[in-house]
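See structure below.
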Amino acid sequence: MSGRQGNKLPSNLPQLQNLIKRDPTSYTEEFLQQYHHYQSHVEIFTFQPDKPSKELAELVMFLAQVAHCYPEHMASFPQQLKELLSYHHTVLDADLRMTFCKALILLRNKNLINPTSLLELFFQLLRCHDKLLRKTLYTHIVSDIKNVNAKHKNNKVNTTLQNFMYTMLRDSNPTAAKISLDVMIELYRRNIWNDAKTVNVITTACFSKVTKVLVASLKFFLGKDEDEKQDSDSESEDDVPTARDLIMRYATNKKNTKRKKKLEKAMKVLKKQKTKSKPEVFNFSAIHLIHDPQDFAEKLLKQLENCKERFEVKMMLMDLISRLVGIHELFLFNFYPFVQRFLQPHQREVTKILLFAAQASHQLVPPEIIQSVLMTIANNFVTDKNSGEVMTVGINAIKEITARCPLAMTEDLLQDLVQYKTHKNKNVMMSARTLIHLFRSLNPEMLQKKFRGKPTEASLEARIHEYGELDAKDYIPGAEVLDVESQKEKGGNQEGDGWESASLSEEEDNEDGEWIDVHHSSDEEQREVAEKVKSMPIEERKAKAAAVSTSRLLTQEEFHKIRLAQLSKELNSAPGKAAKRKHIEIDEEEESRGELLSLRDIEHLHKKPKSDKETRLATAMAGKTDRKEFVKKKTRINPFASSSNKEKQKHKNFMMMRYSHSVRTKNKRSFREKQLALRDALLKKRKRLLK
C-alpha cells in the first residue's frame with residue numbers, strides 16, 4: 001500500500017500537498033522534485049508566454065500552498081512570479097494570469113511578500129482587459145490595506161501607496177484610473193484612509209478628461225453615492241415591523257384577494273416610512289479636508305466654463321462649486337454671473353440651479369453681487385404672468401439667499417415682495433409670509449410698520465451687521481437667567497427655616513384631616529424669572545452673564561435653560577407692550593439652518609397643485625382593479641342560444657320603448673304599488689345572493 005502511495009505522489013499534487021503540510025521534513029525530496037519541474041516549465045513558458053499551460057498553473061498553486069513549509073528554498077519564488085506577471089501580463093493567457101495572481105494573494109495572506117511592491121504590481125495589472133481579474137484584484141487591494149491598518153495606522157505603507165495613486169489617477173488607461181479611484185473612495189468610506197492626503201489625491205481626479213473618473217470624484221464630494229446598506233440595522237433598532245414580519249403575518253392566515261391587497265398597502269406604507277426616517281447623507285468631512293479650497297474652486301469654475309460634457313455633469317460641477325463657496329466662505333465672483341444665465345422659469349432643473357445660487361451665498365460676498373442675482377430671480381420668477389408654483393419657487397429662493405446674505409436685500413425689493421401676502425394663490429401668499437417672518441427676526445426696520453408684528457424682546461435686539469462686521473461676545477448670552485434662579489433658590493432656603501413651625505400650627509388648626517392645597521407651577525416660576533430679567537438694565541444683564549460664564553462650568557441642563565430663555569424672547573412682548581402670549585411651548589428639536597440647503601427649501605409648496613384631467617383619470621384607472629371575479633357569471637343551458645326578449649329590451653333605444661305597456665304602466669303606479677315592487681325586487685335579490 002505504501003509503495004503504491006509513493007508512486008502516486010509525483011503526479012498527485014493535492015495528496016502531496018496534504019502530506020507536506022503535516023510533515024514537511026519527511027517529504028523534502030518530493031518537494032524539490034516538483035520545484036525542479038516548475039523551473040523547467042518556467043523556462044519553456046518564457047519562450048511562448050501567450051500559450052496556456054495547465055501543468056505550470058497546477059505547480060504554481062502547489063508551491064504557493066506549501067511555500068511557508070520551506071522558506072529557504074522558496075525565497076526567490078514570489079519575486080519570480082511578480083517578474084513573470086509584470087513582463088508578460090499583456091500577452092498571458094487569462095486563466096494562467098488569474099492563477100499567478102491567486103498564488104501571489106495566497107503568499108501575501110501568509111505574509112511571505114511585502115505589501116507595497118505587490119499592491120503596486122496589482123495596480124498595474126488593472127490595465128488588463130479582464131473583468132474578472134480586475135474585480136478580484138479590487139477586492140484584494142481593499143481587504144489587504146484594511147488588514148495592514150487593522151491594529152494601527154501603517155503610515156509608511158499608506159504614504160507609499162498614496163504617492164503611487166497620484167500616478168495611477170493620471171494613467172492613460174481609463175479603466176485602471178477609475179478602479180484606482182474606486183479603491184481610494186472605498187477606503188475613505190471604511191475610515192481606513194480618512195485623512196486629508198487621500199481627499200486631496202481625489203481632488204486631482206475632478207480634472208480628469210475621462211468622464212467616468214470625473215463623475216465618480218464629483219459624487220464622492222457631493223455624497224450622492226451612499227448605498228442603503230444599513231437598512232437591516234435600522235429595522236432591528238427601531239420598533240417598526242420589517243417586511244419579513246408583514247409577509248409572515250399575512251402568509252399564516254387565509255389567502256384571499258382582500259388580504260393580498262392589505263399586504264400590498266402595508267408594504268407601501270412601510271417603504272414610505274423608511275424613506276421618511278432615513279436621513280440624507282452628505283460627505284461634509286471630505287469638503288472640509290481640502291487644503292486649498294479657493295484654488296480648487298477657481299480651477300473647477302474654469303473647467304465648468306469650458307466644459308463640453310452632458311448637462312448632468314455640469315450640474316454636478318455647479319453643485320460642488322456652490323458647496324465649496326458656501327462652506328469655506330470663498331470669493332468666487334465670476335460664479336454668480338455664470339449661474340444667472342440659467343435663472344429662467346423654462347430652464348431644465350431650474351430649482352436645483354436656484355439651490356446652487358443660495359448655497360453659494362454667504363455674509364462675506366459683497367452685497368452688490370448678490371443683489372443682481374436677487375433682481376434676476378425677482379424679474380424672471382416673481383411676476384404675475386407666471387404660474388403660482390413658479391412665483392413660489394422664486395420667493396423661496398430669495399428668502400434662502402437673503403437668510404445667508406441679509407445685506408443683499410434692498411428696501412424697495414422687499415416692499416414689492418411683501419405685497420404678495422394677499423395674493424390669491426395660497427402658495428405665493430404663504431411664501432411671502434415666510435419672507436416677512438424672516439425679516440421680523442433679521443431686521444424689522446426694513447418692513448413697513450403694519451408688517452412688523454407686535455414687538456418682542458428679540459425684535460428689539462435684532463439688527464443686520466455691517467459688511468465684514470463680527471459680533472464677538474466674551475460671555476454666553478442669556479446666562480443671567482442662571483444667576484437669577486440661584487438667588488431665588490437661596491431666598492427660598494432662608495424662608496424654609498420657619499416652615500416647620502408654621503406647618504405644625506396649621507396642622508393644629510386643621511384637625512379635621514382635610515388636605516391643604518399648595519399651588520406650584522413651573523410655568524409661573526419661569527414667568528417670574530423672565531420678568532426679573534426683563535426688569536434689569538442691559539448693562540447689568542451683560543455683567544451677570546459674564547460673571548456666570550467665567551465663574552464655573554455649565555451643565556447640559558443649564559445650557560438648556562439658557563436656550564429656553566433666549567427662545568422665549570421671541571414670544572415675550574417688548575417693555576411697555578401688552579403680552580403677546582401667556583404660555584410658551586418650545587420644541588426641543590427646533591430645526592437649525594445647517595451648512596447646506598435641501599431642495600425642499602426651494603420647492604416647498606404649502607398646497608398641492610391641482611392635477612389636470614388626464615392625470616386624474618390615469619390615477620383613477622391605476623387604482624381600479626380587475627373585478628371580473630366579482631361579476632355574476634351568466635349561466636345558460638345552451639351557451640350558443642340567442643338572448644331573450646327581456647334582455648333585448650334592456651339594450652333598445654328608449655324612444656322605441658316609450659309607448660310599450662311596461663313603460664306606460666310604470667308611470668301610473670301608486671305609491672303602494674311601488675313599495676310592493678321594491679320589496680319583491682329586494683327579496684328576489686336576496687335569494688339570488690344566498691344561492
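Just remember, in the C-alpha cells the first chain shown is A, the second B, etc., residues are 1-based per chain, and ligands are 1-based in the order shown.
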Do a neighbour search on Glu329 (chain A) at 7 Å with only C-alpha atoms, toss out local chain neighbours closer than 2 positions, and write the hits as a list in words.
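The contact residues come out as Val325, Gly326, Ile327, Phe331, His362 and Leu364 of chain A.
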Would you list the contacts of Asn109 (chain A) as a ChimeraX atom specification, taking every protein, DNA or RNA residue within 12 Å and counting only C-alpha atoms, but skipping same-chain residues closer than 2 positions in sequence?
/A:64-65,67-68,102-107,111-115,118,140-141,143-145,147-148
When you count only C-alpha atoms, which of these residues is closest to Ile370 (chain A): A:Arg404, A:Asn386, A:Gln347, A:Gln419?
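Among the listed residues, the smallest separation from Ile370 (chain A) belongs to A:Arg404.
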Residues near region 75-90 of chain A, cut-off 10 Å, only C-alpha atoms, skip fewer than 4 positions along chain, as a ChimeraX atom specification
/A:35,39,42,45-46,49-50,60,63-64,67-68,70-71,94,96-97,100-101,103-104,107-108,112-114,117-118,121-122,124-125,127-129
